[in-house]
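**Q** For reference, the file my_file_11.cif (mmCIF, C-alpha atoms) is included below:
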data_input
#
loop_
_atom_site.group_PDB
_atom_site.id
_atom_site.type_symbol
_atom_site.label_atom_id
_atom_site.label_comp_id
_atom_site.auth_asym_id
_atom_site.auth_seq_id
_atom_site.Cartn_x
_atom_site.Cartn_y
_atom_site.Cartn_z
ATOM 1 C CA MET A 1 12.454 -53.342 19.174
ATOM 2 C CA LYS A 2 11.247 -53.867 15.588
ATOM 3 C CA TYR A 3 8.600 -51.214 16.178
ATOM 4 C CA LEU A 4 11.238 -48.742 17.384
ATOM 5 C CA VAL A 5 13.472 -49.360 14.334
ATOM 6 C CA ARG A 6 10.535 -48.988 11.909
ATOM 7 C CA THR A 7 9.461 -45.767 13.574
ATOM 8 C CA PHE A 8 13.013 -44.425 13.426
ATOM 9 C CA VAL A 9 13.316 -45.306 9.706
ATOM 10 C CA LEU A 10 9.928 -43.753 8.905
ATOM 11 C CA LEU A 11 10.737 -40.538 10.791
ATOM 12 C CA SER A 12 14.156 -40.353 9.096
ATOM 13 C CA ILE A 13 12.530 -40.622 5.664
ATOM 14 C CA LEU A 14 9.983 -37.927 6.500
ATOM 15 C CA TRP A 15 12.672 -35.644 7.906
ATOM 16 C CA PHE A 16 14.900 -36.191 4.851
ATOM 17 C CA ALA A 17 11.970 -35.484 2.478
ATOM 18 C CA ALA A 18 11.070 -32.291 4.349
ATOM 19 C CA CYS A 19 14.645 -31.036 4.154
ATOM 20 C CA LYS A 20 14.889 -31.913 0.471
ATOM 21 C CA SER A 21 11.682 -30.111 -0.599
ATOM 22 C CA GLY A 22 13.517 -26.777 -0.827
ATOM 23 C CA GLY A 23 15.376 -27.954 -3.926
ATOM 24 C CA ASP A 24 18.837 -26.460 -3.758
ATOM 25 C CA GLY A 25 18.118 -24.960 -0.363
ATOM 26 C CA ALA A 26 17.292 -21.518 -1.753
ATOM 27 C CA GLU A 27 13.865 -20.121 -1.025
ATOM 28 C CA THR A 28 11.757 -18.843 -3.874
ATOM 29 C CA LYS A 29 10.857 -15.236 -3.114
ATOM 30 C CA VAL A 30 8.552 -12.840 -4.916
ATOM 31 C CA ASP A 31 10.040 -9.363 -4.939
ATOM 32 C CA ALA A 32 7.456 -7.108 -3.289
ATOM 33 C CA ASN A 33 8.766 -4.165 -5.323
ATOM 34 C CA LYS A 34 8.164 -5.802 -8.709
ATOM 35 C CA LEU A 35 5.007 -5.214 -10.689
ATOM 36 C CA PRO A 36 3.147 -8.301 -11.891
ATOM 37 C CA ALA A 37 4.485 -9.633 -15.204
ATOM 38 C CA GLU A 38 1.091 -9.101 -16.825
ATOM 39 C CA LEU A 39 -0.779 -5.831 -16.336
ATOM 40 C CA LYS A 40 -4.453 -5.726 -17.293
ATOM 41 C CA LEU A 41 -5.682 -2.116 -17.270
ATOM 42 C CA SER A 42 -9.144 -0.652 -17.670
ATOM 43 C CA TRP A 43 -10.963 2.526 -16.671
ATOM 44 C CA GLU A 44 -14.082 2.959 -14.591
ATOM 45 C CA PHE A 45 -15.974 6.252 -14.657
ATOM 46 C CA VAL A 46 -18.478 6.773 -11.840
ATOM 47 C CA THR A 47 -20.924 9.657 -12.229
ATOM 48 C CA LEU A 48 -21.361 11.253 -8.809
ATOM 49 C CA GLY A 49 -23.865 13.941 -9.826
ATOM 50 C CA GLU A 50 -23.864 17.322 -11.505
ATOM 51 C CA ALA A 51 -21.981 20.514 -10.832
ATOM 52 C CA GLU A 52 -23.100 24.023 -11.683
ATOM 53 C CA PHE A 53 -24.408 24.403 -15.270
ATOM 54 C CA GLY A 54 -24.958 20.639 -15.569
ATOM 55 C CA ALA A 55 -21.339 19.528 -15.780
ATOM 56 C CA PRO A 56 -21.070 15.891 -14.724
ATOM 57 C CA ILE A 57 -18.984 15.128 -11.653
ATOM 58 C CA THR A 58 -16.991 11.996 -12.396
ATOM 59 C CA LYS A 59 -14.811 9.789 -10.208
ATOM 60 C CA VAL A 60 -12.081 8.238 -12.375
ATOM 61 C CA ILE A 61 -10.712 4.843 -11.356
ATOM 62 C CA LEU A 62 -7.887 2.933 -13.021
ATOM 63 C CA LYS A 63 -8.219 -0.822 -12.577
ATOM 64 C CA ILE A 64 -4.962 -2.738 -12.705
ATOM 65 C CA ASN A 65 -5.394 -6.512 -12.397
ATOM 66 C CA ASP A 66 -8.661 -6.011 -10.487
ATOM 67 C CA LYS A 67 -7.139 -3.491 -8.038
ATOM 68 C CA SER A 68 -8.890 -0.088 -8.134
ATOM 69 C CA ILE A 69 -6.763 3.062 -7.991
ATOM 70 C CA VAL A 70 -8.543 6.440 -7.809
ATOM 71 C CA ILE A 71 -7.054 8.864 -10.340
ATOM 72 C CA GLU A 72 -9.521 11.768 -10.009
ATOM 73 C CA GLU A 73 -11.991 12.174 -7.115
ATOM 74 C CA LYS A 74 -14.327 14.777 -8.662
ATOM 75 C CA LEU A 75 -13.517 15.564 -12.266
ATOM 76 C CA GLN A 76 -16.140 17.952 -13.668
ATOM 77 C CA GLU A 77 -16.213 16.500 -17.176
ATOM 78 C CA SER A 78 -17.522 13.603 -19.249
ATOM 79 C CA CYS A 79 -15.010 10.805 -19.841
ATOM 80 C CA ASN A 80 -14.387 8.522 -22.792
ATOM 81 C CA GLU A 81 -12.021 5.536 -22.713
ATOM 82 C CA LEU A 82 -9.817 5.214 -25.790
ATOM 83 C CA SER A 83 -8.867 1.961 -27.471
ATOM 84 C CA ALA A 84 -5.275 1.197 -28.439
ATOM 85 C CA LYS A 85 -6.061 1.896 -32.114
ATOM 86 C CA ASP A 86 -6.823 5.536 -31.160
ATOM 87 C CA PHE A 87 -3.542 6.200 -29.307
ATOM 88 C CA ALA A 88 -1.653 7.386 -32.397
ATOM 89 C CA ASP A 89 -4.443 9.852 -33.307
ATOM 90 C CA TYR A 90 -3.990 11.457 -29.894
ATOM 91 C CA LYS A 91 -0.194 11.384 -30.255
ATOM 92 C CA PHE A 92 0.299 9.273 -27.134
ATOM 93 C CA PRO A 93 3.827 7.836 -26.946
ATOM 94 C CA SER A 94 4.565 4.242 -27.865
ATOM 95 C CA GLY A 95 4.281 2.100 -24.751
ATOM 96 C CA THR A 96 0.951 3.656 -23.757
ATOM 97 C CA LEU A 97 -1.051 1.016 -21.888
ATOM 98 C CA ALA A 98 -4.367 2.832 -21.416
ATOM 99 C CA ALA A 99 -5.828 6.251 -22.161
ATOM 100 C CA PHE A 100 -8.983 8.345 -21.948
ATOM 101 C CA THR A 101 -10.181 11.839 -22.672
ATOM 102 C CA SER A 102 -12.408 14.089 -20.620
ATOM 103 C CA TRP A 103 -14.391 17.030 -21.959
ATOM 104 C CA TRP A 104 -16.965 19.591 -20.949
ATOM 105 C CA ALA A 105 -17.970 22.904 -22.506
ATOM 106 C CA GLY A 106 -14.983 23.299 -24.821
ATOM 107 C CA ALA A 107 -12.167 22.095 -22.584
ATOM 108 C CA GLY A 108 -10.855 18.926 -21.014
ATOM 109 C CA TYR A 109 -7.888 16.639 -20.498
ATOM 110 C CA HIS A 110 -6.064 13.809 -22.195
ATOM 111 C CA TYR A 111 -4.794 11.063 -19.881
ATOM 112 C CA TYR A 112 -2.466 8.192 -20.654
ATOM 113 C CA VAL A 113 -0.757 5.451 -18.673
ATOM 114 C CA TYR A 114 2.595 3.768 -19.243
ATOM 115 C CA LYS A 115 5.037 1.548 -17.370
ATOM 116 C CA GLU A 116 8.410 2.932 -16.326
ATOM 117 C CA GLY A 117 10.645 0.410 -14.587
ATOM 118 C CA GLU A 118 8.600 -0.984 -11.715
ATOM 119 C CA LYS A 119 6.049 1.845 -11.694
ATOM 120 C CA VAL A 120 2.864 2.586 -13.585
ATOM 121 C CA ILE A 121 2.707 6.295 -14.419
ATOM 122 C CA VAL A 122 -0.441 8.352 -15.142
ATOM 123 C CA MET A 123 0.012 11.519 -17.205
ATOM 124 C CA ARG A 124 -2.440 14.376 -17.898
ATOM 125 C CA ALA A 125 -2.520 17.382 -20.233
ATOM 126 C CA GLY A 126 -5.132 20.112 -20.569
ATOM 127 C CA VAL A 127 -6.807 20.661 -23.934
ATOM 128 C CA ASP A 128 -9.362 23.145 -25.238
ATOM 129 C CA GLU A 129 -11.224 23.769 -28.464
ATOM 130 C CA ALA A 130 -9.143 26.860 -29.311
ATOM 131 C CA MET A 131 -5.895 24.862 -29.562
ATOM 132 C CA ASP A 132 -4.268 24.428 -32.938
ATOM 133 C CA GLU A 133 -3.937 20.769 -33.961
ATOM 134 C CA ASN A 134 -0.136 21.184 -34.043
ATOM 135 C CA TYR A 135 -0.004 22.397 -30.445
ATOM 136 C CA VAL A 136 2.329 20.251 -28.334
ATOM 137 C CA LEU A 137 0.532 19.233 -25.162
ATOM 138 C CA GLN A 138 2.323 19.770 -21.866
ATOM 139 C CA TYR A 139 1.796 16.555 -19.893
ATOM 140 C CA GLU A 140 2.299 16.353 -16.162
ATOM 141 C CA LYS A 141 2.726 13.254 -14.025
ATOM 142 C CA ILE A 142 -0.279 13.003 -11.700
ATOM 143 C CA LYS A 143 0.138 9.512 -10.250
ATOM 144 C CA GLU A 144 2.843 6.882 -9.674
ATOM 145 C CA ILE A 145 1.592 3.404 -8.899
ATOM 146 C CA THR A 146 3.971 0.828 -7.418
ATOM 147 C CA ALA A 147 3.714 -2.893 -6.729
ATOM 148 C CA THR A 148 2.829 -2.050 -3.125
ATOM 149 C CA ASP A 149 -0.222 -0.100 -4.324
ATOM 150 C CA LEU A 150 -1.448 -3.225 -6.112
ATOM 151 C CA LYS A 151 -1.376 -5.478 -3.033
#
Go ahead and render the structure in this file as structure tokens.
**A**
Amino acid sequence: MKYLVRTFVLLSILWFAACKSGGDGAETKVDANKLPAELKLSWEFVTLGEAEFGAPITKVILKINDKSIVIEEKLQESCNELSAKDFADYKFPSGTLAAFTSWWAGAGYHYYVYKEGEKVIVMRAGVDEAMDENYVLQYEKIKEITATDLK
């Protein structure tokens, strides 16, 4: 009988502890639609070969917290990652998280990345050597990256 009472008490304690571990009874959930609080961005440029007239063929990858997102499959230009201190020189908006330029034979693109709500947005504008320095670049959105893309 003593054994039965001890077993009952022990099981009651374990059951009570298991029920109590949830705190106030609410489950802690991570919203699958929310981007991570910290975003670490970097670029990777993979040379795939050469196109006609020696233009490099480059695969452009944006790394966000170690997840690789392809931005351009076969860009026919050389690429150069920009540091944050260069963003103002290129007139990227405040809030720019990462940027690079591409160039070949007098023309190329400027790319920049920013966060908008729960999305990471990649923008691109064409540039060429004949443009006046006061020319306002016409950026287009080329990629939206969500929390789901980073899973």
**Q** So which residues get picked by the PyMOL selection byres ((chain A and resi 86) around 12) here, written as a PyMOL selection string?
**A** chain A and resi 80-85+87-94+96-101+112
**Q** For a quick check of understanding, using all atoms listed in the file, which of A:Ala32, A:Ile64, A:Ile69, A:Leu75 has the smallest distance to Leu48 (chain A)?
**A** A:Leu75
**Q** Give me the result of the PyMOL selection byres ((chain A and resi 59) around 8) on this file, residue by residue, as a VMD selection string.
**A** chain A and resid 45 to 48 57 to 58 60 to 61 70 to 75
**Q** Using Å and a single decimal, report how far CA of Cys79 (chain A) sits from CA of Ile121 (chain A).
**A**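 Computing it gives 19.1 Å between the two atoms.
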**Q** What's the separation between CA of Lys119 (chain A) and CA of Glu144 (chain A), in Å to one decimal place?
**A** 6.3 Å
**Q** Of the candidates A:Leu35, A:Glu133, A:Asp128, A:Met123, which shows the shortest atom-to-atom distance to Thr146 (chain A), using only C-alpha atoms?
**A**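 Counting only C-alpha atoms, the residue closest to Thr146 (chain A) is A:Leu35.
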**Q** Using all atoms listed in the file, can you tell me which of A:Leu62, A:Ala105, A:Leu150, A:Met131 comes closest to Glu118 (chain A)?
**A**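 Nearest to Glu118 (chain A): A:Leu150.
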**Q** Tell me, in Å to one decimal, how far CA of Gln76 (chain A) is from CA of Trp104 (chain A).
**A**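 Value for the CA of Gln76 (chain A)-CA of Trp104 (chain A) distance: 7.5 Å.
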**Q** List the spatial neighbours of Gly108 (chain A) as a list in words - criterion: any atom at most 9 Å away, only C-alpha atoms, same-chain residues fewer than 5 positions off excluded.
**A** Glu77, Ser78, Thr101, Ser102, Trp103, Ala125, Gly126, Val127, Asp128 and Glu129 of chain A
**Q** Evaluate the PyMOL selection byres ((chain A and resi 38) around 12) on the structure here and hand back the selected residues as a list in words.
**A**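 With the PyMOL selection byres ((chain A and resi 38) around 12) on this model, the match is Lys34, Leu35, Pro36, Ala37, Leu39, Lys40, Leu41, Ile64, Asn65, Leu97 and Lys115 of chain A.
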**Q** How big is the axis-aligned box around all listed atoms of region 46-62 of chain A once 6 Å goes on each side, and where's its centre, in Å to one decimal, as lines of an AutoDock Vina configuration file?
**A**
center_x = -16.4
center_y = 13.7
center_z = -12.3
size_x = 29.1
size_y = 33.5
size_z = 19.0
